[in-house]
Amino acid sequence: MLITATTVNGLRVIDEMKTKSPLSTDEKTIYFTRIVCLVLEDKSAVHGCTECTFTGSLGAVRLHLGAQHPKAVSTVPRVSRDQLMGLSATQLLEKAASAERNARDRDYWKRRARKAEGKLRSIHATTAPTR
Ligand SMILES: [Zn+2]
């Protein structure tokens, strides 16, 4: 059993389903491996993190996963030494510039994700039922 929330905003989770990835095609269905769809007792549904009890929209859970449970292995494809040797100086400079742009982009989105998670946490804190 995965570690996911058992209640969301006071509502019991009554079912857990796989969440289809937008990478799915007509030929092949691809599911998120770390995001599940939780059906609540009022028949509404939210997405949940499989690594902890975080729940929210699909986008919120994706942001949460990236910020809180980043994968150890980089998803950026590695360029082999042989591939680099075949490039011109101009192509190498373009690759270096592209890598810098990607790193800046990643840092920008990471900051935004952290900020959004903070806002989401405060929304959850203010909307959570009091015990
Ligand atoms: Zn989590």
# chains A, B, ... in the order shown; residues from 1 in each chain; ligands from 1
call {"tool": "residues_near_ligand", "arguments": {"ligand": "ligand 1", "cutoff": "7 Å", "atoms": "only C-alpha atoms and all ligand atoms", "output": "PyMOL selection string"}}
result
chain A and resi 49-54+64-65+68-69
call {"tool": "residues_around", "arguments": {"residues": "Arg62 of chain A", "least_positions_apart": "5", "cutoff": "10 Å", "atoms": "only C-alpha atoms", "output": "list in words"}}
result
Phe32, Arg34, Ile35, His47, Gly48, Cys49, Gly56, Ser57, Ala67, Gln68 and Ala113 of chain A
call {"tool": "write_last_selection", "arguments": {"atoms": "C-alpha atoms", "output": "PDB file, in the first residue's frame"}}
result
ATOM      1  CA  PHE A  32       1.906   8.677 -12.955  1.00  0.00           C
ATOM      2  CA  ARG A  34       3.964   8.928  -7.700  1.00  0.00           C
ATOM      3  CA  ILE A  35       0.526  10.559  -8.014  1.00  0.00           C
ATOM      4  CA  HIS A  47      -4.838  13.950  -6.292  1.00  0.00           C
ATOM      5  CA  GLY A  48      -2.404  12.666  -3.713  1.00  0.00           C
ATOM      6  CA  CYS A  49       1.329  12.222  -3.351  1.00  0.00           C
ATOM      7  CA  GLY A  56      -4.276  18.861  -4.056  1.00  0.00           C
ATOM      8  CA  SER A  57      -4.826  19.441  -7.730  1.00  0.00           C
ATOM      9  CA  ALA A  67      10.106  20.383  -4.542  1.00  0.00           C
ATOM     10  CA  GLN A  68       9.730  17.862  -1.709  1.00  0.00           C
ATOM     11  CA  ALA A 113       6.888  26.058  -6.883  1.00  0.00           C
TER      12      ALA A 113
END
call {"tool": "closest_residue", "arguments": {"among": "A:Val36, A:Thr7, A:Val46, A:Thr55", "to": "Ser21 of chain A", "atoms": "only C-alpha atoms"}}
result
A:Val36
call {"tool": "select_by_dssp", "arguments": {"residues": "segment 9-124 of chain A", "states": "strand (DSSP E or B)", "output": "PDB file with N, CA and C atoms, in the first residue's frame"}}
result
ATOM      1  N   LEU A  11     -12.802  14.528   5.102  1.00  0.00           N
ATOM      2  CA  LEU A  11     -13.537  13.493   4.361  1.00  0.00           C
ATOM      3  C   LEU A  11     -12.646  12.256   4.199  1.00  0.00           C
ATOM      4  N   ARG A  12     -13.250  11.080   4.433  1.00  0.00           N
ATOM      5  CA  ARG A  12     -12.524   9.826   4.304  1.00  0.00           C
ATOM      6  C   ARG A  12     -12.211   9.509   2.846  1.00  0.00           C
ATOM      7  N   VAL A  13     -11.025   8.944   2.607  1.00  0.00           N
ATOM      8  CA  VAL A  13     -10.674   8.473   1.268  1.00  0.00           C
ATOM      9  C   VAL A  13     -11.282   7.090   1.118  1.00  0.00           C
ATOM     10  N   ILE A  14     -12.166   6.902   0.114  1.00  0.00           N
ATOM     11  CA  ILE A  14     -12.825   5.603  -0.024  1.00  0.00           C
ATOM     12  C   ILE A  14     -12.263   4.780  -1.174  1.00  0.00           C
ATOM     13  N   ASP A  15     -11.502   5.425  -2.066  1.00  0.00           N
ATOM     14  CA  ASP A  15     -10.898   4.662  -3.155  1.00  0.00           C
ATOM     15  C   ASP A  15      -9.656   5.380  -3.650  1.00  0.00           C
ATOM     16  N   GLU A  16      -8.789   4.590  -4.254  1.00  0.00           N
ATOM     17  CA  GLU A  16      -7.535   5.118  -4.772  1.00  0.00           C
ATOM     18  C   GLU A  16      -7.369   4.588  -6.183  1.00  0.00           C
ATOM     19  N   MET A  17      -7.160   5.481  -7.129  1.00  0.00           N
ATOM     20  CA  MET A  17      -7.031   5.057  -8.525  1.00  0.00           C
ATOM     21  C   MET A  17      -5.740   5.604  -9.116  1.00  0.00           C
ATOM     22  N   LYS A  18      -5.292   4.945 -10.182  1.00  0.00           N
ATOM     23  CA  LYS A  18      -4.107   5.433 -10.880  1.00  0.00           C
ATOM     24  C   LYS A  18      -4.459   6.744 -11.567  1.00  0.00           C
ATOM     25  N   THR A  19      -3.487   7.608 -11.735  1.00  0.00           N
ATOM     26  CA  THR A  19      -3.701   8.872 -12.422  1.00  0.00           C
ATOM     27  C   THR A  19      -3.020   8.815 -13.782  1.00  0.00           C
ATOM     28  N   LYS A  20      -3.836   9.019 -14.813  1.00  0.00           N
ATOM     29  CA  LYS A  20      -3.348   8.939 -16.182  1.00  0.00           C
ATOM     30  C   LYS A  20      -2.469  10.156 -16.500  1.00  0.00           C
ATOM     31  N   TYR A  31       0.608   5.949 -16.711  1.00  0.00           N
ATOM     32  CA  TYR A  31       0.129   6.454 -15.426  1.00  0.00           C
ATOM     33  C   TYR A  31       1.269   7.103 -14.650  1.00  0.00           C
ATOM     34  N   PHE A  32       0.921   8.101 -13.865  1.00  0.00           N
ATOM     35  CA  PHE A  32       1.906   8.677 -12.955  1.00  0.00           C
ATOM     36  C   PHE A  32       2.265   7.601 -11.953  1.00  0.00           C
ATOM     37  N   THR A  33       3.542   7.509 -11.597  1.00  0.00           N
ATOM     38  CA  THR A  33       3.954   6.499 -10.623  1.00  0.00           C
ATOM     39  C   THR A  33       3.912   7.038  -9.203  1.00  0.00           C
ATOM     40  N   ARG A  34       3.917   8.371  -9.049  1.00  0.00           N
ATOM     41  CA  ARG A  34       3.964   8.928  -7.700  1.00  0.00           C
ATOM     42  C   ARG A  34       2.764   9.833  -7.386  1.00  0.00           C
ATOM     43  N   ILE A  35       1.746   9.773  -8.260  1.00  0.00           N
ATOM     44  CA  ILE A  35       0.526  10.559  -8.014  1.00  0.00           C
ATOM     45  C   ILE A  35      -0.671   9.625  -8.168  1.00  0.00           C
ATOM     46  N   VAL A  36      -1.542   9.617  -7.175  1.00  0.00           N
ATOM     47  CA  VAL A  36      -2.762   8.813  -7.252  1.00  0.00           C
ATOM     48  C   VAL A  36      -3.976   9.736  -7.192  1.00  0.00           C
ATOM     49  N   CYS A  37      -5.100   9.203  -7.667  1.00  0.00           N
ATOM     50  CA  CYS A  37      -6.359   9.935  -7.584  1.00  0.00           C
ATOM     51  C   CYS A  37      -7.116   9.346  -6.392  1.00  0.00           C
ATOM     52  N   LEU A  38      -7.456  10.205  -5.435  1.00  0.00           N
ATOM     53  CA  LEU A  38      -8.154   9.752  -4.228  1.00  0.00           C
ATOM     54  C   LEU A  38      -9.625  10.137  -4.326  1.00  0.00           C
ATOM     55  N   VAL A  39     -10.493   9.125  -4.211  1.00  0.00           N
ATOM     56  CA  VAL A  39     -11.933   9.384  -4.228  1.00  0.00           C
ATOM     57  C   VAL A  39     -12.377   9.521  -2.784  1.00  0.00           C
ATOM     58  N   LEU A  40     -13.052  10.639  -2.487  1.00  0.00           N
ATOM     59  CA  LEU A  40     -13.478  10.912  -1.114  1.00  0.00           C
ATOM     60  C   LEU A  40     -14.910  10.441  -0.885  1.00  0.00           C
ATOM     61  N   ALA A  45     -13.037  14.067  -5.847  1.00  0.00           N
ATOM     62  CA  ALA A  45     -11.724  13.447  -5.985  1.00  0.00           C
ATOM     63  C   ALA A  45     -10.630  14.499  -5.913  1.00  0.00           C
ATOM     64  N   VAL A  46      -9.520  14.110  -5.364  1.00  0.00           N
ATOM     65  CA  VAL A  46      -8.331  14.956  -5.337  1.00  0.00           C
ATOM     66  C   VAL A  46      -7.141  14.078  -5.707  1.00  0.00           C
ATOM     67  N   HIS A  47      -6.049  14.718  -6.018  1.00  0.00           N
ATOM     68  CA  HIS A  47      -4.838  13.950  -6.292  1.00  0.00           C
ATOM     69  C   HIS A  47      -3.983  13.905  -5.038  1.00  0.00           C
ATOM     70  N   GLY A  48      -3.242  12.826  -4.898  1.00  0.00           N
ATOM     71  CA  GLY A  48      -2.404  12.666  -3.713  1.00  0.00           C
ATOM     72  C   GLY A  48      -1.004  12.214  -4.058  1.00  0.00           C
ATOM     73  N   CYS A  49      -0.072  12.621  -3.223  1.00  0.00           N
ATOM     74  CA  CYS A  49       1.329  12.222  -3.351  1.00  0.00           C
ATOM     75  C   CYS A  49       1.472  10.820  -2.774  1.00  0.00           C
ATOM     76  N   THR A  55      -2.042  16.372  -0.567  1.00  0.00           N
ATOM     77  CA  THR A  55      -3.098  16.261  -1.568  1.00  0.00           C
ATOM     78  C   THR A  55      -3.346  17.617  -2.195  1.00  0.00           C
ATOM     79  N   GLY A  56      -3.947  17.616  -3.367  1.00  0.00           N
ATOM     80  CA  GLY A  56      -4.276  18.861  -4.056  1.00  0.00           C
ATOM     81  C   GLY A  56      -4.613  18.577  -5.502  1.00  0.00           C
TER      82      GLY A  56
END
call {"tool": "residues_around", "arguments": {"residues": "segment 91-102 of chain A", "least_positions_apart": "4", "cutoff": "12 Å", "atoms": "only C-alpha atoms", "output": "short mmCIF file (atom, residue, chain, number, x, y, z; two decimals) with C-alpha atoms, in the first residue's frame"}}
result
data_model
loop_
_atom_site.label_atom_id
_atom_site.label_comp_id
_atom_site.auth_asym_id
_atom_site.auth_seq_id
_atom_site.Cartn_x
_atom_site.Cartn_y
_atom_site.Cartn_z
CA VAL A 76 18.18 15.67 -18.42
CA PRO A 77 19.69 13.48 -21.12
CA ARG A 78 23.45 13.12 -20.85
CA VAL A 79 25.59 13.97 -23.82
CA ARG A 81 32.00 12.50 -24.94
CA GLN A 83 28.77 13.29 -29.23
CA LEU A 84 30.58 16.38 -27.92
CA MET A 85 33.74 15.62 -29.95
CA GLY A 86 31.69 15.78 -33.15
CA LEU A 87 30.46 19.29 -32.46
CA ARG A 106 14.81 25.41 -13.46
CA ASP A 107 15.78 27.75 -10.60
CA TYR A 108 13.00 30.18 -11.54
CA TRP A 109 10.33 27.44 -11.56
CA LYS A 110 11.69 25.87 -8.40
#
